[in-house]
Amino acid sequence: MQDVMAQRVRQLSAGIFAELAQRKRQALQRGVDVIDLSIGSPDLPPPSWVMEELAESVRDPSQYGYTVAPSADFLNAVAGFYEQRYGVTLDPKRQVIQVMGSQEGLTHLAWAVLNPGDLVLVPDPGYPIYDASVRLAGGEVYPMALRPENGYLPNLAEIPDEIARRARMMILNYPGNPLPVLGTEAFFEAVVQFAKRHDLVVVHDFAYSELVFDGRRAPSFLSVPGAMDVGIESNSLSKTFSMAGCRIGYMVGNERVLSALATLRSHIDFGVFSPIQRAAVRALQSPAETFHHQARRYQERRDALVQGFAEAGWPIASPPATMFAWAPIPVPGSAADFAMDLMEQTGVAVTPGEAFGSRGEGYVRIALVQPVPRLREAARRVGEYLKARR
Ligand SMILES: Cc1ncc(COP(=O)(O)O)c(C=O)c1O
């Protein structure tokens, strides 16, 4: 058969993730007790009332048709959640749309907004779908460097005028993956001014909006004046309610941007399974204690990781949010070589930073997706590994 892979697919690099997955498989086959800290899939259960709603709904034979459109209950529940959690008022009919997870939403958003050759400002390091979605839509990527000295916020003043003029869209992610830092209202206000000056669409990925520690709160991009004129926020039930496998999320904000996406999606999908929509409604109506409880669980893990790794001779900055730590590698060499060797020698899997862009080189991302005793065990193995290598 002729070569069937289209150029647009061929340009996507699976590189490091594929190699790491293969090494993990091989280690498991050898009987190694792998501690997988490499993926951000939540291991905690959803709230019990969410699972009950889902279980009840799937027994109802009337729930199995195409839903085609999101339920009004879902759209209202998102609007209620945004009002209550972020003080943002949304019109559920015009300023909320449903997607099958933010991954799908972000990918199709690029198709809905970009013309071939359009330039998009994306964070580096950044979550891989930003780069991939732009390339799939025929757009070009301009990486915005996120540096520690600037609190990992892009320095808007250093974006060359000629790039800002050409750019059509900017993607942001606070609290972020892989960089677990919070956005600030002052920064978001500067982004709104920048976007107005250069006629940009701003897309803020807020997937970790409720995974924030030490009593802090993450601001919504839409909470700053003028944000609704220039952009949208993408959010999901995957992390906030540990519903990653349900594939349900939403986008909120600027009506014209959402309408472009809704038009595209109306041609390619027939809606989310009704029991999942119902479970999502119950989730979004959860009492605030639900978020605090979950955040505390991840916070305990964060503390165990940071303390255990420090004792092992690998000091790591304590993340204020998300389910990730971002750590400079503790030995010379490349992060990819380090991650592969750590996996081989100890069974502890972490993700090399270059999987998130060129500025990730020299770092690894460590996911807090294992219970505290497993994180302590990972730290113990890391300690032995470092002793042997130093
Ligand atoms: C920053 C970020 N955005 C989006 C997603 C995708 O989430 P969803 O399950 O809503 O597709 C993830 C998943 O890890 C993520 O880390």
# chains A, B, ... in the order shown; residues from 1 in each chain; ligands from 1

$ residues_around --residues "segment 97-107 of chain A" --least-positions-apart "4" --cutoff "7 Å" --atoms "only C-alpha atoms" --output "ChimeraX atom specification"
/A:70,111,129,133,234-236,247-252,258,272

$ select_by_dssp --residues "segment 71-120 of chain A" --states "strand (DSSP E)" --output "list in words"
Val96, Ile97, Gln98, Val99, Leu119 and Val120 of chain A

$ write_last_selection --atoms "C-alpha atoms" --output "PDB file, in the first residue's frame"
ATOM      1  CA  VAL A  96     -21.130  28.452  27.015  1.00  0.00           C
ATOM      2  CA  ILE A  97     -20.542  25.493  24.729  1.00  0.00           C
ATOM      3  CA  GLN A  98     -19.962  21.841  25.521  1.00  0.00           C
ATOM      4  CA  VAL A  99     -17.013  19.830  24.210  1.00  0.00           C
ATOM      5  CA  LEU A 119       0.374  32.673  13.449  1.00  0.00           C
ATOM      6  CA  VAL A 120      -0.396  31.615  17.031  1.00  0.00           C
TER       7      VAL A 120
END

$ residues_around --residues "Tyr130 of chain A" --least-positions-apart "5" --cutoff "12 Å" --atoms "only C-alpha atoms" --output "PyMOL selection string"
chain A and resi 12+102-110+120-125+135-137+139-143+169-173+177+203-205+356-357

$ closest_residue --among "A:Ala218, A:Ile39, A:Ala304, A:Ala388" --to "ligand 1" --atoms "only C-alpha atoms and all ligand atoms"
A:Ile39

$ residues_around --residues "Val212 of chain A" --least-positions-apart "3" --cutoff "9 Å" --atoms "only C-alpha atoms" --output "list in words"
Pro175, Leu182, Tyr208, Ser209, Gly215, Arg216, Arg217, Ala218, His292, Ala295, Arg296, Tyr298, Gln299, Pro320, Ala321 and Thr322 of chain A

$ closest_residue --among "A:Glu377, A:Glu233, A:Glu52, A:Asp337" --to "ligand 1" --atoms "only C-alpha atoms and all ligand atoms"
A:Glu233

$ select_by_dssp --residues "segment 77-129 of chain A" --states "alpha helix (DSSP H)" --output "PyMOL selection string"
chain A and resi 77-86+102-113+128-129

$ residues_around --residues "Val348 of chain A" --least-positions-apart "3" --cutoff "10 Å" --atoms "only C-alpha atoms" --output "PyMOL selection string"
chain A and resi 24+32-38+339-345+366+375+377-379+381-382

$ write_last_selection --atoms "N, CA, C and O atoms" --output "mmCIF file, in the first residue's frame"
data_model
loop_
_atom_site.group_PDB
_atom_site.id
_atom_site.type_symbol
_atom_site.label_atom_id
_atom_site.label_comp_id
_atom_site.auth_asym_id
_atom_site.auth_seq_id
_atom_site.Cartn_x
_atom_site.Cartn_y
_atom_site.Cartn_z
ATOM 1 N N LYS A 24 8.323 1.823 29.611
ATOM 2 C CA LYS A 24 7.470 1.412 30.740
ATOM 3 C C LYS A 24 6.935 0.005 30.509
ATOM 4 O O LYS A 24 6.944 -0.838 31.396
ATOM 5 N N VAL A 32 9.251 -5.367 36.724
ATOM 6 C CA VAL A 32 9.636 -4.209 37.551
ATOM 7 C C VAL A 32 8.373 -3.581 38.147
ATOM 8 O O VAL A 32 7.333 -3.492 37.489
ATOM 9 N N ASP A 33 8.462 -3.176 39.400
ATOM 10 C CA ASP A 33 7.364 -2.474 40.069
ATOM 11 C C ASP A 33 7.447 -0.995 39.652
ATOM 12 O O ASP A 33 8.123 -0.196 40.297
ATOM 13 N N VAL A 34 6.780 -0.646 38.548
ATOM 14 C CA VAL A 34 6.883 0.707 37.991
ATOM 15 C C VAL A 34 6.041 1.671 38.828
ATOM 16 O O VAL A 34 4.892 1.382 39.170
ATOM 17 N N ILE A 35 6.638 2.809 39.191
ATOM 18 C CA ILE A 35 5.869 3.890 39.833
ATOM 19 C C ILE A 35 5.710 4.970 38.776
ATOM 20 O O ILE A 35 6.667 5.675 38.438
ATOM 21 N N ASP A 36 4.517 5.051 38.226
ATOM 22 C CA ASP A 36 4.328 5.911 37.059
ATOM 23 C C ASP A 36 3.938 7.328 37.477
ATOM 24 O O ASP A 36 2.795 7.585 37.854
ATOM 25 N N LEU A 37 4.904 8.225 37.402
ATOM 26 C CA LEU A 37 4.639 9.632 37.719
ATOM 27 C C LEU A 37 4.728 10.446 36.424
ATOM 28 O O LEU A 37 5.065 11.632 36.438
ATOM 29 N N SER A 38 4.444 9.789 35.304
ATOM 30 C CA SER A 38 4.673 10.458 34.020
ATOM 31 C C SER A 38 3.400 10.972 33.368
ATOM 32 O O SER A 38 3.479 11.769 32.436
ATOM 33 N N ALA A 339 15.592 10.756 32.238
ATOM 34 C CA ALA A 339 14.290 10.111 32.497
ATOM 35 C C ALA A 339 14.323 8.641 32.089
ATOM 36 O O ALA A 339 13.791 7.781 32.803
ATOM 37 N N MET A 340 14.963 8.352 30.945
ATOM 38 C CA MET A 340 15.028 6.955 30.484
ATOM 39 C C MET A 340 15.885 6.121 31.452
ATOM 40 O O MET A 340 15.527 4.997 31.802
ATOM 41 N N ASP A 341 17.001 6.694 31.903
ATOM 42 C CA ASP A 341 17.883 5.961 32.807
ATOM 43 C C ASP A 341 17.202 5.736 34.165
ATOM 44 O O ASP A 341 17.265 4.643 34.736
ATOM 45 N N LEU A 342 16.515 6.776 34.662
ATOM 46 C CA LEU A 342 15.809 6.648 35.941
ATOM 47 C C LEU A 342 14.764 5.528 35.862
ATOM 48 O O LEU A 342 14.624 4.707 36.770
ATOM 49 N N MET A 343 14.075 5.503 34.732
ATOM 50 C CA MET A 343 13.062 4.461 34.502
ATOM 51 C C MET A 343 13.709 3.072 34.517
ATOM 52 O O MET A 343 13.234 2.148 35.185
ATOM 53 N N GLU A 344 14.820 2.947 33.771
ATOM 54 C CA GLU A 344 15.512 1.649 33.675
ATOM 55 C C GLU A 344 16.031 1.189 35.036
ATOM 56 O O GLU A 344 15.896 0.034 35.413
ATOM 57 N N GLN A 345 16.627 2.124 35.771
ATOM 58 C CA GLN A 345 17.335 1.753 37.003
ATOM 59 C C GLN A 345 16.407 1.617 38.213
ATOM 60 O O GLN A 345 16.698 0.870 39.133
ATOM 61 N N ILE A 366 6.974 15.856 37.059
ATOM 62 C CA ILE A 366 6.652 14.734 37.950
ATOM 63 C C ILE A 366 5.186 14.870 38.357
ATOM 64 O O ILE A 366 4.792 15.885 38.931
ATOM 65 N N LEU A 375 4.676 7.664 46.604
ATOM 66 C CA LEU A 375 5.569 8.800 46.350
ATOM 67 C C LEU A 375 6.797 8.705 47.255
ATOM 68 O O LEU A 375 7.917 9.005 46.837
ATOM 69 N N GLU A 377 8.060 5.928 48.375
ATOM 70 C CA GLU A 377 8.868 4.838 47.824
ATOM 71 C C GLU A 377 9.656 5.345 46.597
ATOM 72 O O GLU A 377 10.836 5.015 46.421
ATOM 73 N N ALA A 378 9.010 6.162 45.770
ATOM 74 C CA ALA A 378 9.706 6.739 44.601
ATOM 75 C C ALA A 378 10.900 7.553 45.087
ATOM 76 O O ALA A 378 12.010 7.440 44.534
ATOM 77 N N ALA A 379 10.679 8.353 46.139
ATOM 78 C CA ALA A 379 11.769 9.191 46.660
ATOM 79 C C ALA A 379 12.914 8.316 47.182
ATOM 80 O O ALA A 379 14.092 8.620 46.975
ATOM 81 N N ARG A 381 13.776 5.333 46.150
ATOM 82 C CA ARG A 381 14.523 4.781 45.005
ATOM 83 C C ARG A 381 15.383 5.863 44.337
ATOM 84 O O ARG A 381 16.511 5.599 43.927
ATOM 85 N N VAL A 382 14.814 7.059 44.221
ATOM 86 C CA VAL A 382 15.569 8.162 43.619
ATOM 87 C C VAL A 382 16.823 8.447 44.450
ATOM 88 O O VAL A 382 17.912 8.661 43.910
#

$ closest_residue --among "A:Leu211, A:Val364, A:Ala244, A:Thr89" --to "ligand 1" --atoms "only C-alpha atoms and all ligand atoms"
A:Ala244

$ closest_residue --among "A:Ala260, A:Gly347, A:Phe74, A:Arg376" --to "Arg23 of chain A" --atoms "only C-alpha atoms"
A:Gly347

$ residues_around --residues "Gly362 of chain A" --least-positions-apart "3" --cutoff "10 Å" --atoms "only C-alpha atoms" --output "PyMOL selection string"
chain A and resi 327-336+338+352-354+358-359

$ closest_residue --among "A:Arg10, A:Lys239, A:Arg374, A:Arg278" --to "ligand 1" --atoms "only C-alpha atoms and all ligand atoms"
A:Lys239
